[in-house]
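*Asks:* Submitted below is the structure of interest, expressed as C-alpha cells.
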Amino acid sequence: MSDPAEASALDIPRAVREGATTAGAVVEAALARIAALNPVLNAFTDLTADRARARAAAIDARRAKGEPLGPLAGVPFAVKNLFDVHGLPTRAGSKINRDRPPAARDSPLIERLEAAGAVLVGALNMGEYAYDFTGENVHDGPSRNPHDPARMTGGSSGGSGSAVAGRLVPLALGSDTNGSIRVPASLCGVFGLKPTYGRLTRARTFPFVASLDHVGPFARSVADLAASYDAMQRPDADDPVCAARPAEPTASTLAAGLDGLRIATAGGYFHHGLSPEGHAALAAVAAALGVTSEVAWPEAARARAAAYVITCTEGAALHMDRLRTRAKDFDPAVRDRLIAGAMVPAGMVVPAQKFRRWYQARVLELFREVDAVLLPATPCTAPRIGQDTFTLDGVEMPVRANLGLYTQPISFIGLPVVAVPVPLTPLPIGVQIVAAPWREDVALRIAYALEGTGVVAARKPAV
Amino acid sequence: MSTPDLDEFIAASARVLALPVDPAWYPTIRFNLEVTFRLAALVADYPLPDDSEPAPVFRA
Amino acid sequence: MDIDLPDVVAEVRAAYDAYERALVANDVAALDAMFHDDPRTIRFGGGENLFGYAQIKAFRAARSPAGLARTLSHTVITAYGRDTAIASTLFHRSAMPGKVGRQMQTWVRFPEGWRVVAAHVSVIAEG
C-alpha cells in the first residue's frame with residue numbers, strides 16, 4: 001500500500017489477505033496518525049488502542065492459520081461517541097453522560113463491523129446530545145475541518161466527518177436526525193450515507209429524537225460506503241424501529257450504471273439561501289449525470305417546520321430529568337433549546353405528525369416519476385468556527401439555523417440519501433442524492449457513476 | 001406574543017414542569033419559543049381533514 | 001423593449017414554480033389564485049377547452065387529485081418588458097409512457113401580482 005492513510009476500506013482487506021501488510025501494522029499506522037493529527041483536528045474523544053491492537057492481532061493470527069478473513073479485515077474505524085462502546089460511558093457529546101456506568105456491550109453496528117473484520121480504534125466528537133449542526137462542543141472543544149482547521153466540520157457528527165476527511169480512519173459511523181451525517185459530510189468533503197429510516201439498527205446508541213433518528217457511515221469512496229453499509233444492514237429485534245427486512249446488499253449493483261434511472265433536480269425551497277458554491281456543485285453533478293429534468297418538491301418549508309417542532313419537543317422530553325437536576329452542566333445553547341422545547345404544547349406537535357403522513361404521500365407520488373432527486377446538502381461551505389452568520393446576496397443569514405435547511409425535509413420522512421462531496425476550491429460542498437424508501441442501492445449506484453466522472457471525490461486536505 | 005406574555009408563559013411552564021429556569025436564560029428561551037411557535041403556525045396553517053392519521057401507527 | 005430583464009424573469013420563475021407545486025399537490029385554492037379572474041382568461045387543457053375564469057375554477061374544483069406528479073424539462077421563461085412573460089415546458093408522467101406533454105402559459109403582471117391569462121396543455125407522442 002503506497003500511502004496507508006489513503007488506503008480504502010477495500011484496499012486494506014486485500015492487502016491483509018495477500019500478506020502485503022498486517023492488521024497490526026494498519027492499526028498502528030492509524031493510531032500514529034491519530035496521535036499526530038488529533039491535537040489539531042480534535043476528532044477523537046476516546047481511543048480504544050489496547051482493544052484495537054488485540055483485535056488486529058487476532059485477525060493476523062487467523063490469517064496465519066489460513067482461516068477466512070472478513071470483507072473488512074483490518075479496516076480501522078471509529079464511531080460517534082453516542083454509540084455504546086464496551087467499557088466506555090456513552091458520552092453523546094455531553095458532560096453529564098460521563099457519569100454513566102461504562103457500556104456493558106458494544107452497539108450492534110460495532111459488533112457487525114467487527115464481525116466483518118474491521119477494528120474499532122475509538123470514539124468521535126459530536127455536538128452535545130446531537131442537538132447541533134456545527135460540530136462545536138463546549139466540553140470537548142470543536143472538531144476541526146481538515147480542509148481548514150479554523151473552520152467547522154459541521155455536525156452533529158463532527159468528529160466523524162473530520163476523522164474520515166483527515167485520513168485518520170477510512171470509515172466512521174455517525175447519526176442523522178435532521179442532517180447530522182449529511183451536513184458534516186458536505187462541509188468536510190466526504191461521502192455519507194443516511195439510509196432509510198429503520199434500515200440500520202439504532203440499538204445501544206444514545207438517542208435524540210426517536211421519531212427521526214437514523215445512523216449511518218462516512219467514507220472516502222462510494223465502494224467503501226456500500227461495503228460498510230452492507231456489513232451492517234439486517235434486522236435487529238433490539239431496535240423496535242429497525243425494519244424486519246432481510247439485508248439487500250448494494251455492492252454488486254454499484255457499477256450498474258445510469259441506464260434506466262430517472263433523475264431530476266428540484267429548485268424552489270432548495271434554491272433559497274443557496275450560495276454560489278452550492279449552485280455550482282449542484283450544476284456540476286446534474287451535468288455529469290446528464291440530468292435535464294426538474295420536479296416540484298411539495299411543501300418543503302412546511303416539512304422542515306414540522307420536523308423542527310417534533311425535534312424540539314421529543315428532544316426535550318428525553319432530557320427532562322437531566323434538565324431538572326443538571327441544568328448547569330449542559331451546553332447553555334442546548335439547554336435553552338431543550339427548555340423551550342419542553343414548553344411547547346402537544347396541540348402543536350400532533351399536527352406535525354399528521355402533516356408528516358400527508359407530506360410522505362405527496363413525496364412518494366413524486367418518486368413514482370423519478371428514481372432519484374438531486375438536492376444541495378448545505379447552503380454554504382464550512383463557516384469559521386464560532387461564526388454566527390454568513391452573507392448571501394448581501395443578506396446576513398444565521399449559520400446554525402440554516403445549515404440543516406435542505407437536509408431536514410428529507411430525513412423528516414426517512415428517505416435514503418447519499419451525500420456526495422464536490423471538491424470545489426478552496427472548500428468542498430456536498431450534494432444530496434435522494435432515493436425512494438429502501439432504495440439505497442439506487443442512490444449508491446448514482447453516486448458510484450458520479451465518482452467515476454471525477455466530479456465528486458473526497459479530496460485530500462492540506463493538513 | 002409580547003415579551004411580557006412570553007415571559008409569563010415561560011415562568012408558569014417552568015413551575016408546572018418543575019424545571020429550574022434561571023432568569024438569565026429567559027431571552028434565549030424566549031427566542032427559541034418564538035421560532036418554534038412560528039414554525040408550528042406554519043404547520044397548523046395546512047388544512048388537514050379530521051380523519052388524517054398521524055405518521056406513527058401503533059400495532060396492538 | 002427589454003427582453004429577459006433578470007429581475008422580471010426571477011419573479012416569473014418564482015410564480016411559475018409556485019404554480020407547479022400547487023399543480024402537483026392539487027392545491028385548488030392556490031391554482032385558482034394564480035389564474036387571472038376574468039372572462040377573457042382561456043385555458044386549453046389536456047382534455048378540455050375552458051373559456052373564462054369561472055369555467056377554469058369549476059374544472060379545478062372537479063379535478064381528481066390522483067396522478068398529478070410529473071417531471072419537467074426544457075423549461076423556458078422569456079420576459080418581454082416588465083409586465084409580460086411566456087413560460088413553456090415539456091413534462092413526462094410514468095402514466096403516459098412514450099408521450100411528452102407540453103405546457104405554455106402567458107403571464108401578465110397585474111397590480112395584485114403575476115397571473116396566468118392564457119394557457120395550453122397538450123400531449124404528443126415522443127420522438
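FYI, nothing fancy with the C-alpha cells labels: chains A, B, ... in order, residues from 1 per chain, ligands from 1 as they appear.
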Please provide as a PDB file with C-alpha atoms, in the first residue's frame all residues within 10 Å of B:Tyr46, with the sequence filter that same-chain residues fewer than 2 positions apart are discarded (counting only C-alpha atoms).
*Replies:*
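out20.pdb, written as the output of this step:
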```pdb
ATOM      1  CA  GLU A 299     -44.196  21.708   0.863  1.00  0.00           C
ATOM      2  CA  ARG A 302     -43.649  23.198   5.974  1.00  0.00           C
ATOM      3  CA  PRO A 351     -50.482  18.326  13.633  1.00  0.00           C
ATOM      4  CA  ALA A 352     -46.792  17.988  12.742  1.00  0.00           C
ATOM      5  CA  PHE A 355     -48.705  16.607   8.253  1.00  0.00           C
TER       6      PHE A 355
ATOM      7  CA  ALA B  41     -48.205  28.007  12.998  1.00  0.00           C
ATOM      8  CA  LEU B  42     -46.877  27.230   9.522  1.00  0.00           C
ATOM      9  CA  VAL B  43     -47.723  23.571  10.089  1.00  0.00           C
ATOM     10  CA  ALA B  44     -51.150  24.371  11.555  1.00  0.00           C
ATOM     11  CA  LEU B  48     -55.785  18.588   7.011  1.00  0.00           C
ATOM     12  CA  PRO B  49     -59.077  16.706   7.417  1.00  0.00           C
TER      13      PRO B  49
END
```
*Asks:* Select all residues from chain A having any atom no more than 6 Å from an atom of chain B (counting only C-alpha atoms, ignoring ligands), output as a PyMOL selection string.
*Replies:* chain A and resi 302+305+324+336+340+348+353-354+356-357
*Asks:* Keeping only N, CA and C atoms, take the residues you just selected and write them out as a PDB file, in the first residue's frame.
*Replies:*
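Saved the output as selection-v6.pdb:
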```
ATOM      1  N   ARG A 302     -42.751  23.663   4.928  1.00  0.00           N
ATOM      2  CA  ARG A 302     -43.649  23.198   5.974  1.00  0.00           C
ATOM      3  C   ARG A 302     -43.131  21.894   6.583  1.00  0.00           C
ATOM      4  N   ALA A 305     -40.528  22.769   8.985  1.00  0.00           N
ATOM      5  CA  ALA A 305     -41.139  23.309  10.190  1.00  0.00           C
ATOM      6  C   ALA A 305     -41.675  22.185  11.075  1.00  0.00           C
ATOM      7  N   ARG A 324     -33.861  18.997  34.988  1.00  0.00           N
ATOM      8  CA  ARG A 324     -34.277  19.330  36.357  1.00  0.00           C
ATOM      9  C   ARG A 324     -33.108  19.273  37.329  1.00  0.00           C
ATOM     10  N   ASP A 336     -31.054  25.755  26.593  1.00  0.00           N
ATOM     11  CA  ASP A 336     -32.167  26.678  26.374  1.00  0.00           C
ATOM     12  C   ASP A 336     -33.069  26.224  25.231  1.00  0.00           C
ATOM     13  N   ALA A 340     -37.038  25.310  26.059  1.00  0.00           N
ATOM     14  CA  ALA A 340     -38.113  25.850  25.212  1.00  0.00           C
ATOM     15  C   ALA A 340     -38.944  24.699  24.637  1.00  0.00           C
ATOM     16  N   MET A 348     -49.467  21.483  19.304  1.00  0.00           N
ATOM     17  CA  MET A 348     -48.636  21.901  18.185  1.00  0.00           C
ATOM     18  C   MET A 348     -47.878  20.728  17.584  1.00  0.00           C
ATOM     19  N   GLN A 353     -47.108  15.608  13.166  1.00  0.00           N
ATOM     20  CA  GLN A 353     -47.078  14.179  12.822  1.00  0.00           C
ATOM     21  C   GLN A 353     -48.137  13.848  11.778  1.00  0.00           C
ATOM     22  N   LYS A 354     -49.258  14.551  11.821  1.00  0.00           N
ATOM     23  CA  LYS A 354     -50.293  14.313  10.807  1.00  0.00           C
ATOM     24  C   LYS A 354     -49.826  14.851   9.456  1.00  0.00           C
ATOM     25  N   ARG A 356     -46.888  15.050   8.524  1.00  0.00           N
ATOM     26  CA  ARG A 356     -45.823  14.140   8.071  1.00  0.00           C
ATOM     27  C   ARG A 356     -46.392  13.038   7.181  1.00  0.00           C
ATOM     28  N   ARG A 357     -47.520  12.472   7.547  1.00  0.00           N
ATOM     29  CA  ARG A 357     -48.101  11.402   6.743  1.00  0.00           C
ATOM     30  C   ARG A 357     -48.599  11.939   5.410  1.00  0.00           C
TER      31      ARG A 357
END
```
*Asks:* Please determine the contact residues of chain C with respect to chain A at a cut-off of 7 Å, counting only C-alpha atoms, and supply them as a short mmCIF file (atom, residue, chain, number, x, y, z; two decimals) with N, CA and C atoms, in the first residue's frame.
*Replies:*
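The resulting out_6.cif:
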```
data_model
loop_
_atom_site.label_atom_id
_atom_site.label_comp_id
_atom_site.auth_asym_id
_atom_site.auth_seq_id
_atom_site.Cartn_x
_atom_site.Cartn_y
_atom_site.Cartn_z
N ASP C 17 -42.83 28.38 -10.45
CA ASP C 17 -42.50 27.28 -9.53
C ASP C 17 -43.65 27.07 -8.54
N GLU C 20 -46.39 25.23 -10.23
CA GLU C 20 -46.08 23.81 -10.42
C GLU C 20 -46.28 23.02 -9.12
N ARG C 21 -45.84 23.61 -8.01
CA ARG C 21 -46.02 22.93 -6.72
C ARG C 21 -47.51 22.77 -6.42
N ALA C 25 -49.71 19.11 -6.26
CA ALA C 25 -50.39 18.80 -4.99
C ALA C 25 -51.90 19.02 -5.09
N ALA C 69 -48.33 14.09 -10.23
CA ALA C 69 -46.88 14.30 -10.17
C ALA C 69 -46.28 14.14 -11.56
N ARG C 70 -45.27 14.93 -11.88
CA ARG C 70 -44.65 14.87 -13.20
C ARG C 70 -43.24 15.43 -13.12
N THR C 71 -42.43 15.12 -14.14
CA THR C 71 -41.11 15.74 -14.24
C THR C 71 -41.15 16.75 -15.38
N LEU C 72 -40.48 17.86 -15.19
CA LEU C 72 -40.43 18.93 -16.19
C LEU C 72 -39.06 18.94 -16.86
N SER C 73 -39.04 19.33 -18.13
CA SER C 73 -37.75 19.52 -18.79
C SER C 73 -37.91 20.60 -19.85
N ARG C 93 -44.89 11.93 -17.51
CA ARG C 93 -45.53 11.21 -16.40
C ARG C 93 -45.38 9.72 -16.68
N SER C 94 -45.11 8.94 -15.65
CA SER C 94 -44.98 7.50 -15.87
C SER C 94 -46.30 6.91 -16.38
#
```
*Asks:* Please identify all polymer residues within 7 Å of stretch 79-85 of chain C, counting only C-alpha atoms, omitting same-chain residues fewer than 4 positions from it, and present them as a ChimeraX atom specification.
*Replies:* /C:1-5,8-9,106-109
*Asks:* Would you list, as a PyMOL selection string, the residues of chain C that end up in helix (DSSP H, G or I) under DSSP run on this structure's backbone?
*Replies:* chain C and resi 6-24+28-34+53-62
*Asks:* What is the atom CA of A:Met126-atom CA of A:Ile385 distance in Å, reported with one decimal?
*Replies:*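 Rounded to one decimal, the two atoms are 14.1 Å apart.
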*Asks:* Out of C:Ala119, C:Gly46, C:Asp27, C:Gly98, which residue has the shortest atom-to-atom distance to chain B when counting only C-alpha atoms?
*Replies:* C:Asp27
